[in-house]
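Colleague: The structure follows.
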Amino acid sequence: MNAVAKKGALRPGAEAIAEKGWLAAHKWLILRRSSQIGILLLFLVGPWFGLWVVKGNLNYSYTLGVLPLADPYLLLQSLVTGQIPEKLALIGVGIVLAFYLLVGGRSYCSWVCPVNLVTDFANWLRARLGLKGGAHLSRTTRYWILGMTLVAAAATGTIAWEMLNPVSMLHRGLIFGLGAAWMVIIGVFLFDLFVMRQGWCGHLCPVGAFYSLIGKLSVTRIRLPAREACNDCMDCFAVCPEQQVIRPALKAINGAAPVIIDANCTNCGRCIDVCSKDVFQFGTRFSSSHLTVTGTAHAALK
Amino acid sequence: MEKTANPKVSTRGSARRQFIADTARVACGVGLLGLGLGLYSRHATALPPAAIRPPGALPETSFSAACIRCGMCVRDCPYDILHLAKPEEPMSTGTPYFVARQIPCEMCEDIPCVKACPTGALDHSLKDINKAKMGLAVLVDHETCLNFLGLRCDICYRVCPVIDKAITLEPQINERTGKHALFIPVVHSEHCTGCGKCEKACPTEIAAIKVFPLYMAKGQLSAHYRLGWVEKEKAGASLVAPDIEHQYNMPEGMKYENGKGLSTVPGTAVPPEPTFQGLPKALQGNKL
């Protein structure tokens, strides 16, 4: 009883820090922030210092004059208006699709997208201030919005969503000048802080929704080889931006294999950090036979 | 009553109701958002008059569909004239434009902005910058144009990269002084690329010559209009009945020639000069 009360006062991950040390308990978080900020800096050293490593922005970029990268979601919207892109953009889309099929669709959200820095901050602050409750909305809302943006593009004959898209607005704004885009970003921040936990990235953002569709087939996934070691401390659940993805794999619901297969897992790796029992690790969706057997055996025993 | 008697049916029924209500809620919310977004984006396809698109830009509605707001054209412009529209500006957010009065297009021969475009938003079939149609210069204000006031400013004419084709100077009589000429700058849409050099260079406080997007600056004849003199030249002859020699019914001994006026036919008696009794003195004696 005492232990539970004490545990309740601790922040998620405290146990992992005590067990593994601060650095090991923040490994993936540090790597992820380095990736987010590093990618942003690659785009910024051009306009800031004249070092042109990458030109463009997340919608389309050209790296060192050889590597084109293009956002497939944006080009899909352009396509439904009836516009056909040039060759480089098509190659760029192909590379991006292949990459995210490999590393996990929504890795874009947690490792690249600049809005994630904003919403993560909002949600961290929300937890620190102990703000509870707020509006409830289904996490499938983002797919409705995704569909709506495509319908809007087809109906208006313009890439309508780009008038509002906080993702490209922030990234483009940081590189080319923000203008009033900061208000949209503050809006997203306040929405996540006061209105809904994980509101933007976890419920509404159609960009994330689109990348989750790529993630349905993507290779890199979080595996739980040691799920039997779970002591139900709920720390992973507390830090996960898409909490619904953990339970089936962790608790072997309906004999689920010990791998987080849900397309909305962002592969952020924070669950690996905060787990003091080392239940989680990065792996692939293809289970080795050994793991599958343990998984099903475990499920059968339950 | 029967329904509540069976708890299983009731749970399933209310769950279904809940599901339908939730779905309707989300669908309506998202639908409203979509409606707002659609209307907003339709408004933004009307380009403001001061914003000029880079060379090769598609017509505005196609442009805002093809442009993916990446800013590659901005980066590859050697003169840094292009900006990406910010959300508060009254055009599609993130699309490129320039303002001629600030920095006009330098009309690079290799057109790097078009080459940089990863979509067809800037048409890659544009190979000759002199064929660009970014906009059209219009001498909007005849009251403040210095040449209209009788000065030989001529700056727009001098700075034009397509000099003597896109802008020519057309002499006219200066009615104010009665003895000088006006050299009126005239823009020819066939050659004007809309680069904006003239607007930038115009020395008046507010430019008298301005570049506008084509849809604002250019008129269009109705499709059924034919220019008679053009058609005549094409056909090699008049398309209607052949021109007939005009016959004048003149008094005897007089003839009339177009451009020369009245004269007497040699060898005939000159008729007596008519007198106009009823006319004021000043007009009497005047020949017709």
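Here's how to read the names in the structure tokens: chain A, B, ... by the order shown, residue numbers from 1 in each chain, ligand numbers from 1 in the order shown.
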Would you give me, as a count of residues only, the residues of chain B that come within 9 Å of chain A, using only C-alpha atoms?

Modeller: 49

Colleague: If you run DSSP on the backbone here, which positions in region 21-188 of chain A get alpha helix (DSSP H)? Please write them as a PyMOL selection string.

Modeller: chain A and resi 27-49+72-80+87-103+107+115-128+141-156+166-176+181-188

Colleague: Dump C-alpha atoms for the selected residues as a compact mmCIF listing (two decimals), in the first residue's frame?

Modeller:
```txt
# COMPACT_ATOMS: atom_id res chain seq x y z
CA LYS A 27 18.19 7.20 -24.82
CA TRP A 28 15.47 7.15 -27.47
CA LEU A 29 14.06 10.48 -26.37
CA ILE A 30 17.47 12.11 -26.82
CA LEU A 31 18.00 10.42 -30.17
CA ARG A 32 14.55 11.48 -31.28
CA ARG A 33 15.00 15.11 -30.27
CA SER A 34 18.41 15.09 -31.99
CA SER A 35 16.75 13.78 -35.13
CA GLN A 36 13.95 16.36 -35.06
CA ILE A 37 16.24 19.28 -34.34
CA GLY A 38 19.01 17.97 -36.60
CA ILE A 39 16.70 17.69 -39.60
CA LEU A 40 15.38 21.18 -38.93
CA LEU A 41 18.96 22.50 -38.70
CA LEU A 42 19.86 20.86 -42.01
CA PHE A 43 17.11 22.92 -43.58
CA LEU A 44 18.14 26.04 -41.70
CA VAL A 45 21.91 26.18 -42.29
CA GLY A 46 21.14 27.14 -45.89
CA PRO A 47 19.19 30.32 -45.20
CA TRP A 48 21.17 31.08 -42.04
CA PHE A 49 24.77 30.49 -43.12
CA PRO A 72 3.31 11.69 -50.80
CA TYR A 73 0.27 13.09 -48.98
CA LEU A 74 0.74 16.51 -50.54
CA LEU A 75 1.30 15.11 -54.01
CA LEU A 76 -1.79 12.94 -53.62
CA GLN A 77 -3.80 16.11 -52.95
CA SER A 78 -2.25 17.73 -56.00
CA LEU A 79 -3.02 14.61 -58.01
CA VAL A 80 -6.73 14.59 -57.13
CA LYS A 87 9.85 13.42 -62.66
CA LEU A 88 11.96 14.54 -59.67
CA ALA A 89 8.91 14.87 -57.45
CA LEU A 90 7.74 11.39 -58.42
CA ILE A 91 11.16 9.93 -57.61
CA GLY A 92 11.03 11.84 -54.32
CA VAL A 93 7.66 10.32 -53.45
CA GLY A 94 8.99 6.85 -54.25
CA ILE A 95 12.00 7.30 -51.97
CA VAL A 96 9.87 8.64 -49.11
CA LEU A 97 7.31 5.83 -49.42
CA ALA A 98 10.06 3.19 -49.46
CA PHE A 99 11.80 4.79 -46.49
CA TYR A 100 8.71 4.91 -44.30
CA LEU A 101 7.68 1.42 -45.31
CA LEU A 102 11.01 0.41 -43.83
CA VAL A 103 11.18 2.54 -40.68
CA SER A 107 8.11 7.61 -37.53
CA VAL A 115 4.93 20.13 -34.74
CA ASN A 116 5.73 17.11 -32.56
CA LEU A 117 8.15 19.31 -30.59
CA VAL A 118 5.28 21.70 -29.92
CA THR A 119 2.68 19.08 -28.98
CA ASP A 120 5.14 17.03 -26.91
CA PHE A 121 5.90 20.20 -24.96
CA ALA A 122 2.19 20.87 -24.50
CA ASN A 123 1.56 17.35 -23.29
CA TRP A 124 4.58 17.39 -20.98
CA LEU A 125 3.32 20.65 -19.50
CA ARG A 126 -0.18 19.24 -19.25
CA ALA A 127 1.16 16.34 -17.18
CA ARG A 128 3.34 18.57 -15.02
CA THR A 141 -11.38 11.64 -36.52
CA ARG A 142 -8.04 12.10 -38.28
CA TYR A 143 -9.11 9.71 -41.03
CA TRP A 144 -12.27 11.71 -41.55
CA ILE A 145 -10.16 14.83 -41.83
CA LEU A 146 -7.79 13.05 -44.20
CA GLY A 147 -10.74 12.14 -46.41
CA MET A 148 -12.12 15.66 -46.13
CA THR A 149 -8.84 17.22 -47.30
CA LEU A 150 -8.87 15.02 -50.40
CA VAL A 151 -12.51 15.84 -51.12
CA ALA A 152 -11.76 19.54 -50.58
CA ALA A 153 -8.84 19.34 -53.00
CA ALA A 154 -10.96 17.64 -55.66
CA ALA A 155 -13.93 19.95 -55.12
CA THR A 156 -12.05 23.25 -55.09
CA PRO A 166 0.20 23.46 -39.24
CA VAL A 167 2.89 20.93 -40.18
CA SER A 168 4.01 22.57 -43.40
CA MET A 169 3.13 26.02 -42.08
CA LEU A 170 5.56 25.65 -39.17
CA HIS A 171 8.33 24.01 -41.13
CA ARG A 172 8.07 26.36 -44.08
CA GLY A 173 7.65 29.27 -41.69
CA LEU A 174 10.86 28.51 -39.82
CA ILE A 175 12.79 28.37 -43.09
CA PHE A 176 11.07 31.01 -45.22
CA ALA A 181 1.77 30.99 -38.81
CA TRP A 182 2.91 31.32 -35.21
CA MET A 183 -0.71 31.89 -34.24
CA VAL A 184 -1.73 28.57 -35.76
CA ILE A 185 1.11 26.87 -33.89
CA ILE A 186 0.17 28.54 -30.60
CA GLY A 187 -3.37 27.38 -31.32
CA VAL A 188 -2.22 23.78 -31.66
```

Colleague: Write out as a list in words all residues of region 134-224 of chain B that backbone DSSP assigns to strand (DSSP E or B).

Modeller: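 Secondary structure check on region 134-224 of chain B, strand (DSSP E or B): Leu136, Ala137, Val138, Leu139, Ile163, Ile167, Thr168, Leu169, Glu170, Pro171, Gln172, Ile173, Asn174, His180, Ala181, Leu182, Phe183, Ile184, Pro185, Val186, Val187, Ile209, Lys210, Val211 and Phe212 of chain B.
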
Colleague: Please list as a PDB file with N, CA and C atoms, in the first residue's frame every residue within 10 Å of Ala166 (chain B), counting only C-alpha atoms and excluding residues in the same chain fewer than 6 positions away.

Modeller:
```pdb
ATOM      1  N   LEU B 136       1.298  41.744 -67.198  1.00  0.00           N
ATOM      2  CA  LEU B 136       1.322  42.680 -68.317  1.00  0.00           C
ATOM      3  C   LEU B 136       1.418  44.095 -67.757  1.00  0.00           C
ATOM      4  N   ALA B 137       2.385  44.861 -68.292  1.00  0.00           N
ATOM      5  CA  ALA B 137       2.522  46.252 -67.854  1.00  0.00           C
ATOM      6  C   ALA B 137       1.369  47.071 -68.425  1.00  0.00           C
ATOM      7  N   TYR B 157      10.481  53.040 -70.998  1.00  0.00           N
ATOM      8  CA  TYR B 157      10.881  52.606 -72.337  1.00  0.00           C
ATOM      9  C   TYR B 157      12.344  52.175 -72.350  1.00  0.00           C
ATOM     10  N   CYS B 160      13.176  48.785 -70.284  1.00  0.00           N
ATOM     11  CA  CYS B 160      12.481  47.566 -70.721  1.00  0.00           C
ATOM     12  C   CYS B 160      13.467  46.608 -71.381  1.00  0.00           C
ATOM     13  N   PRO B 185       4.279  56.367 -74.048  1.00  0.00           N
ATOM     14  CA  PRO B 185       4.704  54.962 -73.962  1.00  0.00           C
ATOM     15  C   PRO B 185       3.497  54.050 -74.180  1.00  0.00           C
ATOM     16  N   VAL B 186       3.642  53.121 -75.085  1.00  0.00           N
ATOM     17  CA  VAL B 186       2.557  52.181 -75.375  1.00  0.00           C
ATOM     18  C   VAL B 186       3.080  50.754 -75.173  1.00  0.00           C
ATOM     19  N   VAL B 187       2.374  49.980 -74.364  1.00  0.00           N
ATOM     20  CA  VAL B 187       2.792  48.602 -74.082  1.00  0.00           C
ATOM     21  C   VAL B 187       2.142  47.661 -75.093  1.00  0.00           C
ATOM     22  N   HIS B 188       2.941  46.737 -75.603  1.00  0.00           N
ATOM     23  CA  HIS B 188       2.410  45.758 -76.554  1.00  0.00           C
ATOM     24  C   HIS B 188       2.416  44.393 -75.889  1.00  0.00           C
ATOM     25  N   SER B 189       1.231  43.848 -75.667  1.00  0.00           N
ATOM     26  CA  SER B 189       1.089  42.625 -74.867  1.00  0.00           C
ATOM     27  C   SER B 189       1.784  41.434 -75.511  1.00  0.00           C
ATOM     28  N   GLU B 190       1.944  41.486 -76.814  1.00  0.00           N
ATOM     29  CA  GLU B 190       2.581  40.377 -77.510  1.00  0.00           C
ATOM     30  C   GLU B 190       4.018  40.175 -77.018  1.00  0.00           C
ATOM     31  N   HIS B 191       4.691  41.273 -76.655  1.00  0.00           N
ATOM     32  CA  HIS B 191       6.101  41.176 -76.276  1.00  0.00           C
ATOM     33  C   HIS B 191       6.368  41.384 -74.797  1.00  0.00           C
ATOM     34  N   CYS B 192       5.426  41.984 -74.059  1.00  0.00           N
ATOM     35  CA  CYS B 192       5.662  42.269 -72.641  1.00  0.00           C
ATOM     36  C   CYS B 192       5.685  40.967 -71.857  1.00  0.00           C
ATOM     37  N   THR B 193       6.745  40.762 -71.043  1.00  0.00           N
ATOM     38  CA  THR B 193       6.848  39.530 -70.251  1.00  0.00           C
ATOM     39  C   THR B 193       6.290  39.723 -68.845  1.00  0.00           C
ATOM     40  N   GLY B 194       6.031  40.959 -68.461  1.00  0.00           N
ATOM     41  CA  GLY B 194       5.543  41.233 -67.112  1.00  0.00           C
ATOM     42  C   GLY B 194       6.649  41.214 -66.081  1.00  0.00           C
TER      43      GLY B 194
END
```

Colleague: Find the distance between CA of Lys232 (chain B) and CA of Glu257 (chain B) and write it in Å to one decimal.

Modeller: 24.7 Å

Colleague: Skipping near chain neighbours, those fewer than 4 positions away, what residues fall within 12 Å of Asn267 (chain A) using only C-alpha atoms, listed as a ChimeraX atom specification?

Modeller: /A:28-29,32,100,102-112,212,215,218-223,240-242,245-246,259-263,271-272,280-284

Colleague: Give me the residues near region 207-219 of chain B as a list of chain:residue names, where near means some atom within 7 Å (using only C-alpha atoms) and where sequence neighbours in that chain fewer than 6 positions away do not count.

Modeller: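 The residues that qualify are B:Pro49, B:Ala50, B:Ile52, B:Met134, B:Gly135, B:Leu136, B:Ala137, B:Val138, B:Leu139, B:Val140, B:Asp141, B:Thr144, B:Cys145, B:Gly194, B:Gly196, B:Cys198, B:Glu199.
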